[in-house]
Every structure is written in C-alpha cells, then in structure tokens.
Amino acid sequence: MAHPKLSPWQYTILGLISICAPLGDTCLSRGMTHLPAITLAHPATLIEAVFTPWIAVGIALLIGFFASYLTALSWADLTYVIPATAFGNVIVALLSRYWLHESISLQRWAGIVLITVGVGFVAQGPSLTVRPAPVAEEEQVR
Amino acid sequence: MMMPNPATQPGPWAATAMIAAIVIASTAGEVLTAAAMKSIGDLDEIRAHSGLKGAIRAVITSPLFFAGVGFLAVAFFSLLFALNHLNLSLVAPASASLTLVTNAVAAKIFLKENVDRRRWTAAVLVCVGVYLLAH
C-alpha cells in the first residue's frame, strides 16, 4: 500500500528512532563507566550491571529504538529510514553543545549541516517505492 | 578505556578487512531486516487488527528477520573485534559512513527501492557529514 505522505504518528516514529538510539548509547556509556572494571573471571557482574538504573534505562531506550526502527521499515524504504538514524548524531552534538556546554569544532558544525541537509533532502521525497500492481490483481479488482 | 597497543597495530590491509567485515555484515543485516518488515506488512495496521501480541508474533515468526538479526550480531562482534585492534576514531566514522552508501546500493539491487538522484545525494551528504562529525 502506498503512503504518499507520512502521518504525524509516522513522523513521531522517525523522531523516536533519531532520539532513542543516541540517548540509549549515552545511558549505557554512563552506566558502564560508573561501574568497577568487569573481568571475564566474574561474568555474573555483567548480569548484575543490567539491573543498575542507567544501564536499565539505556536498554529500555535501545529496545524502543529497535521497535520504532522495525515499525518504520514496515511502511518506508530502507534508504528513507537510514538517514533518520544518522540524524541522531546531530541531536547528540547539539545536546553536548547547548546542554553540556562543550565546544564544537568548525569541522563538526560542517558535519551537522551536511547531515541536516541530507535528511531534509530525503524527507522531501516519497517514503516508499510504489510498484505497479500485477496485471492479474488489477483485473480481479475490475 | 583500554587503547589498542600501537606496537601491535594491524597494517592497512588488515584494518581495511576489519572495517569491510563490519560494513558487509551490517549492510546484509539491514537489508534482510528491511526485506522481512516489507514482507510482514504495515506493523501499525497489524497492531490495529491483532493487537501488540499479534504484531510481535508477525515479526518473530519471520525467518528473514532472524537472518537479519544474525547478521547484525555478526556486525556487532566484528565491531568489538576491530575496536580491540584499531582506534575508535577510525573505526566508528569509517564503518558508519561507508554503511550508508553500501545500504543505498544494496537497497537498489536487492530491495528494488527507487534510489533516485535525491536519495543518492542525501546518502553522500549524510556519509560525509557522519565522517566529519565523528572523526
């Protein structure tokens, strides 16, 4: 079925893809760096790590990302959805600039502009490749 | 964080092979997952008719989905292996940006997606952007 224009709900799914993956990775990173070093001699500590707050939140966000990603792939092309995942890098960079007050080099600003323009390019076009219906099906409809 | 030992840094061919393994496995995983979701149909519609359980059942009973997840797991462990030998500043931007282009090529060939000039331009812009942002 063709979806010439995405609904607000579908744009929300694409937004969740962009936000959940980088936030999930950040939570995992923060959780793991606050834990003592885990060695292969004590693998059970890795299981315990799953139940610490930051890592649990990170895993929940990554599950949210994967569910949104699969949902988007069910009604949009892969080449339409992939740039949305890349846009997460821009969100992380802007959060680090305006929330954590980190400095962003000119090279990174150039990267942000290129990704934003690229995502804008794709978003302007159709979300799904529409294939002509098979002749037999068309005749059945008539 | 442990940094790769410079004394045991692999040569350019070994580094290329490690990054290629990530890119190939990742692209195969993404394309198979996308093919699985296209064959299942619109998940929002399935959820409206059969509920969340029905949507989850539709996904986890698809062999293509498991093949895709299997390749994504291979890509993840290839990434861990590469990070054990190479710097993150090389592996992350190189694999992320190359995967964008290989995905566009694979989507055109295997999924028959209409990758027009607009999408090629976007793939290249995002590819260079990710490289600049992560490098």
# chains A, B, ... in the order shown; residues from 1 in each chain; ligands from 1
call {"tool": "interface_residues", "arguments": {"of": "chain A", "to": "chain B", "cutoff": "6 Å", "atoms": "only C-alpha atoms", "output": "PyMOL selection string"}}
result
chain A and resi 71+73-75+79+107-108+111+114-115+118+121-122+129
call {"tool": "residues_around", "arguments": {"residues": "stretch 8-22 of chain B", "least_positions_apart": "3", "cutoff": "8 Å", "atoms": "only C-alpha atoms", "output": "compact mmCIF listing (two decimals) with N, CA and C atoms, in the first residue's frame"}}
result
# COMPACT_ATOMS: atom_id res chain seq x y z
N PRO B 4 44.09 0.48 21.88
CA PRO B 4 44.84 -0.53 21.15
C PRO B 4 46.35 -0.28 21.29
N ASN B 5 47.10 -1.35 21.46
CA ASN B 5 48.55 -1.23 21.61
C ASN B 5 49.18 -0.84 20.27
N ALA B 25 28.60 -7.09 6.97
CA ALA B 25 27.64 -7.75 7.87
C ALA B 25 26.50 -6.80 8.23
N SER B 26 26.84 -5.54 8.46
CA SER B 26 25.84 -4.55 8.83
C SER B 26 24.85 -4.33 7.68
N VAL B 74 26.62 -10.38 13.98
CA VAL B 74 27.97 -10.56 13.43
C VAL B 74 28.65 -9.20 13.29
N ALA B 75 27.87 -8.19 12.82
CA ALA B 75 28.42 -6.84 12.66
C ALA B 75 28.86 -6.27 14.01
N PHE B 76 28.05 -6.52 15.05
CA PHE B 76 28.37 -6.01 16.39
C PHE B 76 29.68 -6.63 16.90
N SER B 78 32.02 -8.02 15.07
CA SER B 78 33.11 -7.55 14.21
C SER B 78 33.58 -6.18 14.67
N LEU B 79 32.62 -5.34 15.11
CA LEU B 79 32.96 -4.01 15.61
C LEU B 79 33.80 -4.12 16.89
N PHE B 81 35.66 -6.63 17.75
CA PHE B 81 36.97 -7.17 17.37
C PHE B 81 37.85 -6.04 16.80
N ALA B 82 37.25 -5.21 15.92
CA ALA B 82 38.01 -4.12 15.30
C ALA B 82 38.45 -3.11 16.36
N HIS B 85 41.63 -3.78 18.08
CA HIS B 85 42.88 -3.62 17.34
C HIS B 85 43.09 -2.22 16.77
N LEU B 86 41.99 -1.49 16.56
CA LEU B 86 42.09 -0.17 15.90
C LEU B 86 41.49 0.92 16.79
N VAL B 91 37.53 3.55 13.35
CA VAL B 91 36.51 2.51 13.09
C VAL B 91 35.10 3.10 13.02
N ALA B 94 34.41 5.54 9.89
CA ALA B 94 34.60 4.83 8.62
C ALA B 94 33.47 3.83 8.42
N SER B 95 33.17 3.02 9.44
CA SER B 95 32.14 1.99 9.26
C SER B 95 30.75 2.63 9.13
call {"tool": "residues_around", "arguments": {"residues": "A:Gly31", "least_positions_apart": "5", "cutoff": "12 Å", "atoms": "only C-alpha atoms", "output": "list in words"}}
result
Gly24, Asp25, Thr26, Pro36, Ala37, Leu46, Glu48, Ala49, Val50, Phe51, Thr52, Pro53, Trp54, Ile55, Ala56, Val57, Gly58 and Ile59 of chain A
call {"tool": "write_last_selection", "arguments": {"atoms": "C-alpha atoms", "output": "JSON list (two decimals), in the first residue's frame"}}
result
[["chain", "number", "residue", "atom", "x", "y", "z"],
["A", 24, "GLY", "CA", 20.35, 4.79, 24.88],
["A", 25, "ASP", "CA", 24.04, 4.62, 23.93],
["A", 26, "THR", "CA", 24.78, 7.59, 26.21],
["A", 36, "PRO", "CA", 34.17, -1.08, 38.59],
["A", 37, "ALA", "CA", 36.12, -2.92, 35.86],
["A", 46, "LEU", "CA", 27.86, -8.24, 33.82],
["A", 48, "GLU", "CA", 24.15, -7.50, 37.70],
["A", 49, "ALA", "CA", 25.13, -4.45, 35.62],
["A", 50, "VAL", "CA", 21.92, -4.87, 33.57],
["A", 51, "PHE", "CA", 19.86, -4.04, 36.67],
["A", 52, "THR", "CA", 21.68, -0.78, 37.53],
["A", 53, "PRO", "CA", 19.50, 2.30, 36.80],
["A", 54, "TRP", "CA", 21.49, 3.91, 33.94],
["A", 55, "ILE", "CA", 22.02, 0.62, 32.08],
["A", 56, "ALA", "CA", 18.40, -0.46, 32.57],
["A", 57, "VAL", "CA", 17.22, 2.89, 31.14],
["A", 58, "GLY", "CA", 19.73, 2.55, 28.27],
["A", 59, "ILE", "CA", 18.48, -0.93, 27.39]]
call {"tool": "decode", "arguments": {"residues": "stretch 26-62 of chain A", "atoms": "C-alpha atoms", "output": "compact mmCIF listing (two decimals), in the first residue's frame"}}
result
# COMPACT_ATOMS: atom_id res chain seq x y z
CA THR A 26 24.78 7.59 26.21
CA CYS A 27 22.97 5.93 29.16
CA LEU A 28 24.89 2.65 28.60
CA SER A 29 28.18 4.53 28.38
CA ARG A 30 27.46 6.49 31.56
CA GLY A 31 26.33 3.37 33.42
CA MET A 32 29.32 1.26 32.38
CA THR A 33 31.92 3.93 33.20
CA HIS A 34 30.49 4.26 36.75
CA LEU A 35 30.92 0.52 37.39
CA PRO A 36 34.17 -1.08 38.59
CA ALA A 37 36.12 -2.92 35.86
CA ILE A 38 34.39 -6.15 34.83
CA THR A 39 36.63 -9.16 34.15
CA LEU A 40 35.87 -12.47 32.47
CA ALA A 41 36.73 -14.16 35.79
CA HIS A 42 33.47 -12.76 37.24
CA PRO A 43 30.94 -12.78 34.39
CA ALA A 44 27.99 -12.60 36.83
CA THR A 45 28.84 -8.92 37.46
CA LEU A 46 27.86 -8.24 33.82
CA ILE A 47 24.37 -9.63 34.55
CA GLU A 48 24.15 -7.50 37.70
CA ALA A 49 25.13 -4.45 35.62
CA VAL A 50 21.92 -4.87 33.57
CA PHE A 51 19.86 -4.04 36.67
CA THR A 52 21.68 -0.78 37.53
CA PRO A 53 19.50 2.30 36.80
CA TRP A 54 21.49 3.91 33.94
CA ILE A 55 22.02 0.62 32.08
CA ALA A 56 18.40 -0.46 32.57
CA VAL A 57 17.22 2.89 31.14
CA GLY A 58 19.73 2.55 28.27
CA ILE A 59 18.48 -0.93 27.39
CA ALA A 60 14.84 0.26 27.55
CA LEU A 61 15.68 3.14 25.16
CA LEU A 62 17.50 0.80 22.75
